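**Q** Structure supplied as work.cif; contents: mmCIF, C-alpha atoms, pLDDT in the B column; chains and numbers go by the auth columns.
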```cif
data_target
#
loop_
_atom_site.group_PDB
_atom_site.id
_atom_site.type_symbol
_atom_site.label_atom_id
_atom_site.label_comp_id
_atom_site.label_asym_id
_atom_site.label_seq_id
_atom_site.Cartn_x
_atom_site.Cartn_y
_atom_site.Cartn_z
_atom_site.B_iso_or_equiv
_atom_site.auth_seq_id
_atom_site.auth_asym_id
ATOM 1 C CA MET A 1 133.029 93.990 73.273 53.00 856 A
ATOM 2 C CA ALA A 2 132.282 96.089 76.331 59.00 857 A
ATOM 3 C CA GLY A 3 134.820 96.254 79.103 61.00 858 A
ATOM 4 C CA GLN A 4 134.364 96.306 82.844 69.00 859 A
ATOM 5 C CA THR A 5 135.754 99.841 82.972 80.00 860 A
ATOM 6 C CA GLU A 6 132.598 101.044 81.197 85.00 861 A
ATOM 7 C CA VAL A 7 130.377 100.029 84.112 89.00 862 A
ATOM 8 C CA LYS A 8 132.725 100.183 87.088 89.00 863 A
ATOM 9 C CA ALA A 9 131.008 103.277 88.533 92.00 864 A
ATOM 10 C CA LEU A 10 127.565 101.642 88.599 93.00 865 A
ATOM 11 C CA PRO A 11 126.195 100.115 91.824 91.00 866 A
ATOM 12 C CA GLY A 12 126.836 96.431 92.487 84.00 867 A
ATOM 13 C CA ILE A 13 124.690 93.977 90.600 79.00 868 A
ATOM 14 C CA LEU A 14 123.455 96.730 88.299 89.00 869 A
ATOM 15 C CA ALA A 15 126.972 96.878 86.838 91.00 870 A
ATOM 16 C CA PHE A 16 126.762 93.183 85.928 88.00 871 A
ATOM 17 C CA ASP A 17 123.383 93.657 84.253 90.00 872 A
ATOM 18 C CA ALA A 18 124.601 96.709 82.341 92.00 873 A
ATOM 19 C CA LEU A 19 127.710 94.879 81.142 91.00 874 A
ATOM 20 C CA VAL A 20 125.601 92.008 79.762 91.00 875 A
ATOM 21 C CA VAL A 21 123.491 94.567 77.876 94.00 876 A
ATOM 22 C CA LEU A 22 126.544 96.373 76.505 94.00 877 A
ATOM 23 C CA GLU A 23 127.967 93.064 75.310 91.00 878 A
ATOM 24 C CA GLY A 24 124.753 92.381 73.411 91.00 879 A
ATOM 25 C CA ASP A 25 123.717 89.292 75.388 89.00 880 A
ATOM 26 C CA ARG A 26 120.500 90.908 76.578 91.00 881 A
ATOM 27 C CA ARG A 27 118.361 93.652 75.164 94.00 882 A
ATOM 28 C CA GLY A 28 118.030 95.722 78.328 95.00 883 A
ATOM 29 C CA ALA A 29 118.205 95.983 82.084 95.00 884 A
ATOM 30 C CA SER A 30 116.466 98.128 84.682 95.00 885 A
ATOM 31 C CA VAL A 31 116.315 99.040 88.319 94.00 886 A
ATOM 32 C CA GLN A 32 113.294 100.235 90.277 92.00 887 A
ATOM 33 C CA LEU A 33 113.724 103.374 92.360 93.00 888 A
ATOM 34 C CA SER A 34 112.018 103.028 95.725 89.00 889 A
ATOM 35 C CA ASP A 35 112.598 103.535 99.430 88.00 890 A
ATOM 36 C CA ARG A 36 114.140 100.060 99.474 87.00 891 A
ATOM 37 C CA TYR A 37 116.568 100.970 96.686 92.00 892 A
ATOM 38 C CA PHE A 38 117.856 104.070 98.456 94.00 893 A
ATOM 39 C CA SER A 39 118.089 102.408 101.874 91.00 894 A
ATOM 40 C CA ALA A 40 119.912 99.409 100.373 90.00 895 A
ATOM 41 C CA GLN A 41 122.377 101.644 98.548 93.00 896 A
ATOM 42 C CA GLU A 42 123.084 103.627 101.695 92.00 897 A
ATOM 43 C CA ALA A 43 123.558 100.498 103.816 89.00 898 A
ATOM 44 C CA ALA A 44 125.875 98.907 101.246 87.00 899 A
ATOM 45 C CA LEU A 45 128.005 102.040 100.924 90.00 900 A
ATOM 46 C CA GLN A 46 128.298 102.454 104.685 88.00 901 A
ATOM 47 C CA ALA A 47 129.482 98.856 104.974 83.00 902 A
ATOM 48 C CA VAL A 48 132.315 99.240 102.441 81.00 903 A
ATOM 49 C CA ASP A 49 134.803 101.898 103.530 81.00 904 A
ATOM 50 C CA GLU A 50 135.174 105.637 104.066 83.00 905 A
ATOM 51 C CA SER A 51 136.951 106.528 100.838 91.00 906 A
ATOM 52 C CA GLU A 52 136.314 109.806 99.067 94.00 907 A
ATOM 53 C CA PHE A 53 134.354 108.062 96.318 93.00 908 A
ATOM 54 C CA VAL A 54 132.087 106.255 98.812 92.00 909 A
ATOM 55 C CA GLN A 55 131.369 109.526 100.611 95.00 910 A
ATOM 56 C CA TYR A 56 130.577 111.128 97.262 96.00 911 A
ATOM 57 C CA ARG A 57 128.131 108.318 96.462 96.00 912 A
ATOM 58 C CA LEU A 58 126.550 108.571 99.916 96.00 913 A
ATOM 59 C CA ARG A 59 125.843 112.265 99.381 97.00 914 A
ATOM 60 C CA ILE A 60 124.166 111.488 96.054 97.00 915 A
ATOM 61 C CA VAL A 61 122.035 108.701 97.523 97.00 916 A
ATOM 62 C CA ARG A 62 120.995 110.683 100.599 96.00 917 A
ATOM 63 C CA LYS A 63 120.106 113.813 98.632 96.00 918 A
ATOM 64 C CA SER A 64 118.083 111.700 96.205 96.00 919 A
ATOM 65 C CA ARG A 65 116.229 110.048 99.051 95.00 920 A
ATOM 66 C CA GLU A 66 115.370 113.434 100.553 94.00 921 A
ATOM 67 C CA VAL A 67 113.790 114.497 97.256 93.00 922 A
ATOM 68 C CA TRP A 68 112.091 111.119 96.833 93.00 923 A
ATOM 69 C CA ASP A 69 110.532 111.234 100.293 91.00 924 A
ATOM 70 C CA GLU A 70 108.922 114.589 99.474 89.00 925 A
ATOM 71 C CA ILE A 71 107.001 113.244 96.482 88.00 926 A
ATOM 72 C CA GLN A 72 103.270 113.248 97.195 85.00 927 A
ATOM 73 C CA ILE A 73 100.946 112.087 94.455 86.00 928 A
ATOM 74 C CA ASP A 74 97.187 111.961 94.563 84.00 929 A
ATOM 75 C CA PHE A 75 94.454 111.625 91.973 84.00 930 A
ATOM 76 C CA PRO A 76 90.653 111.697 92.356 85.00 931 A
ATOM 77 C CA LYS A 77 89.897 108.355 90.703 90.00 932 A
ATOM 78 C CA LEU A 78 91.784 105.432 89.191 92.00 933 A
ATOM 79 C CA THR A 79 91.408 106.064 85.474 94.00 934 A
ATOM 80 C CA THR A 80 93.788 105.919 82.526 95.00 935 A
ATOM 81 C CA GLU A 81 93.530 109.669 81.994 95.00 936 A
ATOM 82 C CA ASN A 82 94.205 110.488 85.661 94.00 937 A
ATOM 83 C CA LEU A 83 97.296 108.268 85.782 93.00 938 A
ATOM 84 C CA ARG A 84 98.563 109.680 82.510 93.00 939 A
ATOM 85 C CA THR A 85 98.127 113.234 83.828 93.00 940 A
ATOM 86 C CA ALA A 86 99.919 112.334 87.061 92.00 941 A
ATOM 87 C CA SER A 87 102.732 110.652 85.096 92.00 942 A
ATOM 88 C CA ASN A 88 103.251 113.722 82.930 90.00 943 A
ATOM 89 C CA ARG A 89 103.147 116.026 85.948 87.00 944 A
ATOM 90 C CA PHE A 90 105.755 114.127 87.948 86.00 945 A
ATOM 91 C CA ARG A 91 107.936 112.697 85.210 85.00 946 A
ATOM 92 C CA ASN A 92 110.524 115.439 85.584 87.00 947 A
ATOM 93 C CA VAL A 93 110.911 114.724 89.316 89.00 948 A
ATOM 94 C CA PRO A 94 112.879 111.449 88.979 92.00 949 A
ATOM 95 C CA GLU A 95 114.811 112.984 86.075 92.00 950 A
ATOM 96 C CA ARG A 96 116.144 115.589 88.527 92.00 951 A
ATOM 97 C CA LEU A 97 117.246 113.059 91.141 96.00 952 A
ATOM 98 C CA PRO A 98 121.036 113.136 91.619 97.00 953 A
ATOM 99 C CA GLU A 99 121.034 109.328 91.629 97.00 954 A
ATOM 100 C CA VAL A 100 119.359 109.139 88.211 97.00 955 A
ATOM 101 C CA GLN A 101 121.732 111.726 86.793 97.00 956 A
ATOM 102 C CA TYR A 102 124.659 109.766 88.226 97.00 957 A
ATOM 103 C CA LEU A 103 123.456 106.514 86.642 97.00 958 A
ATOM 104 C CA GLN A 104 123.022 108.257 83.285 96.00 959 A
ATOM 105 C CA ARG A 105 126.558 109.684 83.472 95.00 960 A
ATOM 106 C CA SER A 106 127.967 106.292 84.439 96.00 961 A
ATOM 107 C CA TYR A 107 126.337 104.316 81.614 96.00 962 A
ATOM 108 C CA PRO A 108 127.774 104.894 78.121 95.00 963 A
ATOM 109 C CA GLU A 109 124.659 104.106 76.057 96.00 964 A
ATOM 110 C CA VAL A 110 120.886 104.729 76.367 96.00 965 A
ATOM 111 C CA CYS A 111 119.674 105.321 79.917 96.00 966 A
ATOM 112 C CA PHE A 112 116.343 106.899 80.843 96.00 967 A
ATOM 113 C CA VAL A 113 113.879 106.975 83.723 96.00 968 A
ATOM 114 C CA VAL A 114 110.091 106.698 83.547 95.00 969 A
ATOM 115 C CA PRO A 115 107.280 106.797 86.120 94.00 970 A
ATOM 116 C CA GLU A 116 106.016 103.386 87.186 94.00 971 A
ATOM 117 C CA TRP A 117 102.683 102.505 88.781 93.00 972 A
ATOM 118 C CA MET A 118 101.905 99.308 90.671 87.00 973 A
ATOM 119 C CA ARG A 119 99.241 97.837 92.905 85.00 974 A
ATOM 120 C CA ILE A 120 100.440 96.920 96.384 81.00 975 A
ATOM 121 C CA ASP A 121 98.051 95.665 99.066 79.00 976 A
ATOM 122 C CA GLY A 122 95.118 96.827 96.984 80.00 977 A
ATOM 123 C CA LYS A 123 96.465 100.379 96.630 86.00 978 A
ATOM 124 C CA VAL A 124 98.044 102.117 93.647 90.00 979 A
ATOM 125 C CA LYS A 125 101.606 103.204 94.388 88.00 980 A
ATOM 126 C CA TYR A 126 103.881 105.521 92.437 89.00 981 A
ATOM 127 C CA GLY A 127 107.467 104.676 91.619 90.00 982 A
ATOM 128 C CA ALA A 128 110.060 105.099 88.920 95.00 983 A
ATOM 129 C CA ARG A 129 112.264 102.757 86.910 96.00 984 A
ATOM 130 C CA VAL A 130 115.615 103.427 85.263 97.00 985 A
ATOM 131 C CA TYR A 131 116.178 101.475 82.034 97.00 986 A
ATOM 132 C CA PHE A 132 119.471 100.658 80.325 97.00 987 A
ATOM 133 C CA PHE A 133 119.755 99.744 76.644 97.00 988 A
ATOM 134 C CA ARG A 134 122.557 99.492 74.125 94.00 989 A
ATOM 135 C CA GLU A 135 120.426 100.001 71.027 90.00 990 A
ATOM 136 C CA HIS A 136 116.812 99.902 69.872 91.00 991 A
ATOM 137 C CA PRO A 137 115.281 101.194 73.119 95.00 992 A
ATOM 138 C CA PRO A 138 111.481 101.162 73.398 95.00 993 A
ATOM 139 C CA ASP A 139 109.500 104.351 73.088 95.00 994 A
ATOM 140 C CA SER A 140 109.284 105.681 76.646 94.00 995 A
ATOM 141 C CA VAL A 141 105.764 107.096 76.123 94.00 996 A
ATOM 142 C CA ASP A 142 104.503 103.715 74.945 95.00 997 A
ATOM 143 C CA LEU A 143 106.229 102.034 77.890 96.00 998 A
ATOM 144 C CA VAL A 144 104.468 104.324 80.376 95.00 999 A
ATOM 145 C CA ASP A 145 101.109 103.880 78.612 96.00 1000 A
ATOM 146 C CA ARG A 146 101.417 100.079 78.839 95.00 1001 A
ATOM 147 C CA ASN A 147 102.166 100.341 82.542 95.00 1002 A
ATOM 148 C CA ILE A 148 99.194 102.659 83.117 95.00 1003 A
ATOM 149 C CA GLU A 149 96.794 100.369 81.255 95.00 1004 A
ATOM 150 C CA ALA A 150 98.026 97.330 83.192 93.00 1005 A
ATOM 151 C CA THR A 151 97.551 99.201 86.477 93.00 1006 A
ATOM 152 C CA VAL A 152 94.047 100.429 85.660 93.00 1007 A
ATOM 153 C CA GLN A 153 92.978 97.001 84.378 92.00 1008 A
ATOM 154 C CA ASN A 154 94.752 95.249 87.260 89.00 1009 A
ATOM 155 C CA ASP A 155 96.611 93.168 84.680 86.00 1010 A
ATOM 156 C CA ARG A 156 100.169 93.340 85.950 80.00 1011 A
ATOM 157 C CA GLU A 157 100.854 89.930 84.420 83.00 1012 A
ATOM 158 C CA ALA A 158 100.687 91.314 80.877 84.00 1013 A
ATOM 159 C CA PHE A 159 103.003 94.199 81.707 89.00 1014 A
ATOM 160 C CA GLY A 160 105.372 91.815 83.487 87.00 1015 A
ATOM 161 C CA SER A 161 105.633 89.773 80.283 89.00 1016 A
ATOM 162 C CA TYR A 162 106.347 92.948 78.315 92.00 1017 A
ATOM 163 C CA GLN A 163 109.077 93.908 80.782 91.00 1018 A
ATOM 164 C CA GLY A 164 110.556 90.439 80.507 90.00 1019 A
ATOM 165 C CA ARG A 165 110.904 90.847 76.749 92.00 1020 A
ATOM 166 C CA LEU A 166 112.459 94.294 77.207 94.00 1021 A
ATOM 167 C CA HIS A 167 115.061 92.660 79.422 92.00 1022 A
ATOM 168 C CA GLY A 168 115.770 90.006 76.830 90.00 1023 A
ATOM 169 C CA TYR A 169 114.449 86.967 78.675 86.00 1024 A
ATOM 170 C CA PRO A 170 113.116 84.141 76.477 84.00 1025 A
ATOM 171 C CA ASP A 171 109.412 83.306 76.439 82.00 1026 A
ATOM 172 C CA CYS A 172 109.951 80.034 78.316 79.00 1027 A
ATOM 173 C CA CYS A 173 111.480 81.878 81.272 76.00 1028 A
ATOM 174 C CA ILE A 174 108.824 84.582 81.214 78.00 1029 A
ATOM 175 C CA GLY A 175 106.104 81.942 81.178 76.00 1030 A
ATOM 176 C CA TYR A 176 107.671 80.024 84.057 68.00 1031 A
ATOM 177 C CA PHE A 177 107.873 83.207 86.111 65.00 1032 A
ATOM 178 C CA ARG A 178 104.147 83.846 85.563 64.00 1033 A
ATOM 179 C CA GLU A 179 103.045 80.353 86.601 60.00 1034 A
ATOM 180 C CA GLY A 180 101.523 79.546 89.982 45.00 1035 A
ATOM 181 C CA ASP A 181 102.562 81.666 92.949 44.00 1036 A
ATOM 182 C CA ARG A 182 105.665 83.110 91.326 49.00 1037 A
ATOM 183 C CA PHE A 183 103.721 86.174 90.231 48.00 1038 A
ATOM 184 C CA ASP A 184 100.536 87.221 92.005 49.00 1039 A
ATOM 185 C CA GLY A 185 99.912 90.399 90.003 46.00 1040 A
ATOM 186 C CA GLU A 186 100.962 92.876 92.700 48.00 1041 A
ATOM 187 C CA GLY A 187 104.207 94.497 93.681 50.00 1042 A
ATOM 188 C CA SER A 188 107.410 94.927 91.713 52.00 1043 A
ATOM 189 C CA LEU A 189 109.509 92.290 89.988 53.00 1044 A
ATOM 190 C CA GLU A 190 112.373 93.018 92.373 54.00 1045 A
ATOM 191 C CA VAL A 191 110.265 92.307 95.455 59.00 1046 A
ATOM 192 C CA HIS A 192 109.221 88.926 94.085 58.00 1047 A
ATOM 193 C CA SER A 193 112.801 88.090 93.171 59.00 1048 A
ATOM 194 C CA ILE A 194 114.459 88.867 96.511 61.00 1049 A
ATOM 195 C CA ASN A 195 111.820 87.437 98.850 63.00 1050 A
ATOM 196 C CA ALA A 196 113.823 84.213 98.924 61.00 1051 A
ATOM 197 C CA LEU A 197 116.647 86.117 100.636 65.00 1052 A
ATOM 198 C CA ASN A 198 114.577 87.600 103.451 66.00 1053 A
ATOM 199 C CA ASP A 199 115.490 85.001 106.059 69.00 1054 A
ATOM 200 C CA VAL A 200 118.967 83.927 104.962 73.00 1055 A
ATOM 201 C CA VAL A 201 121.108 87.079 105.077 74.00 1056 A
ATOM 202 C CA ASP A 202 123.456 87.261 108.056 69.00 1057 A
ATOM 203 C CA GLU A 203 122.346 90.745 109.083 70.00 1058 A
ATOM 204 C CA ARG A 204 124.855 90.898 111.948 73.00 1059 A
ATOM 205 C CA ARG A 205 127.774 90.643 109.516 67.00 1060 A
ATOM 206 C CA VAL A 206 126.202 93.269 107.259 66.00 1061 A
ATOM 207 C CA ARG A 207 125.612 95.679 110.150 68.00 1062 A
ATOM 208 C CA GLU A 208 129.077 95.266 111.615 68.00 1063 A
ATOM 209 C CA GLY A 209 130.842 95.466 108.215 67.00 1064 A
ATOM 210 C CA PRO A 210 132.911 96.039 106.272 65.00 1065 A
ATOM 211 C CA ILE A 211 131.730 93.376 103.853 65.00 1066 A
ATOM 212 C CA ALA A 212 133.872 94.119 100.804 60.00 1067 A
ATOM 213 C CA ASP A 213 136.171 91.117 101.456 66.00 1068 A
ATOM 214 C CA THR A 214 133.563 88.846 103.044 71.00 1069 A
ATOM 215 C CA PRO A 215 132.807 85.700 100.998 74.00 1070 A
ATOM 216 C CA ILE A 216 129.225 85.619 99.766 68.00 1071 A
ATOM 217 C CA GLY A 217 128.768 82.255 101.463 71.00 1072 A
ATOM 218 C CA LYS A 218 129.376 83.925 104.835 73.00 1073 A
ATOM 219 C CA LEU A 219 126.742 86.584 104.136 73.00 1074 A
ATOM 220 C CA LEU A 220 124.189 83.995 102.985 74.00 1075 A
ATOM 221 C CA PRO A 221 125.000 80.972 105.171 80.00 1076 A
ATOM 222 C CA GLY A 222 123.516 77.773 103.794 75.00 1077 A
ATOM 223 C CA PHE A 223 121.711 79.533 100.965 72.00 1078 A
ATOM 224 C CA PHE A 224 123.661 77.900 98.144 71.00 1079 A
ATOM 225 C CA GLU A 225 122.848 74.458 99.513 74.00 1080 A
ATOM 226 C CA SER A 226 119.126 75.136 99.075 71.00 1081 A
ATOM 227 C CA PRO A 227 116.992 74.861 95.905 64.00 1082 A
ATOM 228 C CA GLN A 228 116.114 78.565 96.255 61.00 1083 A
ATOM 229 C CA SER A 229 119.578 79.568 95.089 63.00 1084 A
ATOM 230 C CA TYR A 230 118.828 78.207 91.612 59.00 1085 A
ATOM 231 C CA ALA A 231 115.968 80.661 91.159 57.00 1086 A
ATOM 232 C CA PHE A 232 118.480 83.372 90.226 55.00 1087 A
ATOM 233 C CA PHE A 233 119.733 83.547 86.659 49.00 1088 A
ATOM 234 C CA ALA A 234 123.395 83.439 85.780 49.00 1089 A
ATOM 235 C CA HIS A 235 124.407 86.701 84.116 44.00 1090 A
ATOM 236 C CA GLY A 236 125.864 84.811 81.191 46.00 1091 A
ATOM 237 C CA PHE A 237 124.065 81.756 79.914 46.00 1092 A
ATOM 238 C CA ILE A 238 123.706 79.824 76.706 42.00 1093 A
ATOM 239 C CA ARG A 239 120.751 78.111 75.080 42.00 1094 A
ATOM 240 C CA SER A 240 120.799 74.330 75.082 42.00 1095 A
ATOM 241 C CA GLN A 241 118.150 71.849 74.050 38.00 1096 A
ATOM 242 C CA VAL A 242 116.859 69.803 76.967 38.00 1097 A
ATOM 243 C CA VAL A 243 114.117 67.297 77.702 36.00 1098 A
ATOM 244 C CA ARG A 244 111.915 68.502 80.516 39.00 1099 A
ATOM 245 C CA GLN A 245 110.390 66.241 83.138 38.00 1100 A
ATOM 246 C CA HIS A 246 107.064 66.102 81.302 36.00 1101 A
ATOM 247 C CA GLY A 247 108.822 64.634 78.265 39.00 1102 A
ATOM 248 C CA ARG A 248 108.640 67.510 75.781 38.00 1103 A
ATOM 249 C CA LYS A 249 111.697 69.061 74.232 37.00 1104 A
ATOM 250 C CA GLY A 250 112.331 72.670 75.066 36.00 1105 A
ATOM 251 C CA TYR A 251 115.082 75.161 75.658 35.00 1106 A
ATOM 252 C CA GLY A 252 116.982 75.516 78.882 38.00 1107 A
ATOM 253 C CA TYR A 253 119.760 77.772 80.043 38.00 1108 A
ATOM 254 C CA THR A 254 123.057 76.798 81.570 38.00 1109 A
ATOM 255 C CA ARG A 255 126.000 78.761 82.899 37.00 1110 A
ATOM 256 C CA ARG A 256 128.709 79.689 80.428 36.00 1111 A
#
```
Take the structure from the file and write it as structure tokens.
**A**
Amino acid sequence: MAGQTEVKALPGILAFDALVVLEGDRRGASVQLSDRYFSAQEAALQAVDESEFVQYRLRIVRKSREVWDEIQIDFPKLTTENLRTASNRFRNVPERLPEVQYLQRSYPEVCFVVPEWMRIDGKVKYGARVYFFREHPPDSVDLVDRNIEATVQNDREAFGSYQGRLHGYPDCCIGYFREGDRFDGEGSLEVHSINALNDVVDERRVREGPIADTPIGKLLPGFFESPQSYAFFAHGFIRSQVVRQHGRKGYGYTRR
């Protein structure tokens, strides 16, 4: 069984996800690299302390963001071939990011980064995603091709389902996520997941820091008394047979 020491150098919640993968409870985990990722990492590190390790991590994050901000990608027309060419041309850029190299050094099993395309506000945006697996990782070329096809066909829903299976979520949870307004076909999975937190974080406490010893309830006042808090999965959960409101038997998930 994996130990916490194997993931202790990874950032925050990513360490929890990686540990669940290493313990074999989920197939994989991932994190999207974006402006939001780098700004969030920098803000979190600045709010902790001024130790040598934190300063080391800040240098990695800031250097990575400098490189990231210089990426400029353009293509004449939205076609599968054009996106594939752009993916091949820029694939080595995220691989050279100090942050990606740090994550790969800090994770003991399979860790790789691939380009990721998405439609946001009607425009095609370029990004990258770092994946973490213990065994049986997907073929990275096939993964990129699926993402490209979904982007060209404007069928993010299909790719979202594929990503859900890569992360080890059961079909019932993937289907629930796709229903109604929970997934509108644009943007990243992370954006949809954290929107519920937009108006509940006590930003004053975060800005003033440090927050290392601050109870989570103080940072998210009132959040855990609202139904929104149950939208987030427990990192360890077991399958149990339940009867849903509509009367059919299915499978639910409860905290271990």
**Q** Please check which residues have atoms at most 10 Å from (113.7, 99.6, 85.0) in the file's coordinates, counting only C-alpha atoms, and write them as a list of chain:residue names.
**A**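 Those residues lying close to the given coordinates are A:Gly883, A:Ala884, A:Ser885, A:Val886, A:Gln887, A:Leu888, A:Cys966, A:Phe967, A:Val968, A:Val969, A:Pro970, A:Glu971, A:Ala983, A:Arg984, A:Val985, A:Tyr986, A:Phe987, A:Gln1018, A:Leu1021, A:His1022, A:Leu1044, A:Glu1045.
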**Q** Please evaluate the PyMOL selection byres ((chain A and resi 949-955) around 8) against the structure above and give the resulting residues as a VMD selection string.
**A** chain A and resid 915 to 916 918 to 919 922 to 923 945 to 948 956 to 959 968 to 970 983 985
**Q** Hey, which of A:Glu861, A:Asp890, A:Glu905, A:Glu990 ends up closest to Glu921 of chain A? Count only C-alpha atoms.
**A** A:Asp890
**Q** May I ask for the distance between atom CA of Tyr892 of chain A and atom CA of Pro993 of chain A, given in Å to one decimal place?
**A**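 Computed distance, atom CA of Tyr892 of chain A to atom CA of Pro993 of chain A, equals 23.8 Å.
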**Q** Determine, counting only C-alpha atoms, which protein, DNA and RNA residues have an atom within 10 Å of an atom of Asp929 of chain A; residues of the same chain fewer than 5 positions away are not included. Present the result as a list in words.
**A**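 That gives Asn937, Leu938, Ala941, Val979, Lys980 and Tyr981 of chain A.
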**Q** Would you output that residue set with C-alpha atoms, as a PDB file, in the frame of the given file?
**A**
```
ATOM      1  CA  ASN A 937      94.205 110.488  85.661  1.00 94.00           C
ATOM      2  CA  LEU A 938      97.296 108.268  85.782  1.00 93.00           C
ATOM      3  CA  ALA A 941      99.919 112.334  87.061  1.00 92.00           C
ATOM      4  CA  VAL A 979      98.044 102.117  93.647  1.00 90.00           C
ATOM      5  CA  LYS A 980     101.606 103.204  94.388  1.00 88.00           C
ATOM      6  CA  TYR A 981     103.881 105.521  92.437  1.00 89.00           C
TER       7      TYR A 981
END
```
**Q** Which of these, A:Val965, A:Ala873, A:Ala899, A:Cys1027, has the shortest distance to Arg912 of chain A once you count only C-alpha atoms?
**A** A:Ala899
**Q** Calculated over all atoms listed in the file, which of the candidates A:Arg914, A:Arg939, A:Lys863, A:Lys932 has the smallest distance to Phe893 of chain A?
**A**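 Nearest to Phe893 of chain A: A:Arg914.
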**Q** Just the number, please: distance in Å from atom CA of Gly982 of chain A to atom CA of Val903 of chain A, one decimal.
**A**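 For atom CA of Gly982 of chain A relative to atom CA of Val903 of chain A, the distance reads 27.6 Å.
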**Q** For a quick check of your reading of the model, name the residues lying within 12 Å of the coordinate (100.4, 102.4, 78.3), counting all atoms listed in the file, and write them as a ChimeraX atom specification.
**A** /A:935-936,938-939,942,969-972,994-1008,1010-1011,1013-1014,1017
**Q** Calculate how many Å separate atom CA of Glu964 of chain A from atom CA of Val875 of chain A, rounding to one decimal.
**A**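 Between atom CA of Glu964 of chain A and atom CA of Val875 of chain A the gap works out to 12.7 Å.
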**Q** Hey, could you pull the box centre and edge lengths for segment 950-961 of chain A, axis-aligned, 8 Å padding per side, all listed atoms, to one decimal in Å, as JSON?
**A**
```
{"center_x": 121.4, "center_y": 110.9, "center_z": 87.5, "size_x": 29.2, "size_y": 25.3, "size_z": 24.3}
```
**Q** Which residues come within 12 Å of Arg881 of chain A, counting all atoms listed in the file, excluding same-chain residues fewer than 6 positions away, as a PyMOL selection string?
**A** chain A and resi 871-875+987-991+1019-1025+1090-1093
**Q** Which neighbours of Ser961 of chain A fall inside 7 Å, counting all atoms listed in the file, when residues of the same chain fewer than 5 positions from it are skipped, and could you give them as an MDAnalysis selection string?
**A** chainID A and resid 862 864:865
**Q** Choose the residue, out of A:Arg944, A:Lys1073, A:Arg974, A:Arg960, that has the smallest atom-to-atom separation from Arg1059 of chain A; count all atoms listed in the file.
**A**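 Checking each candidate against Arg1059 of chain A, we get A:Lys1073 as the closest.
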**Q** Counting all atoms listed in the file, which of A:Asp880, A:Phe930, A:Glu897, A:Arg891 gets nearest to Pro866 of chain A?
**A** A:Glu897
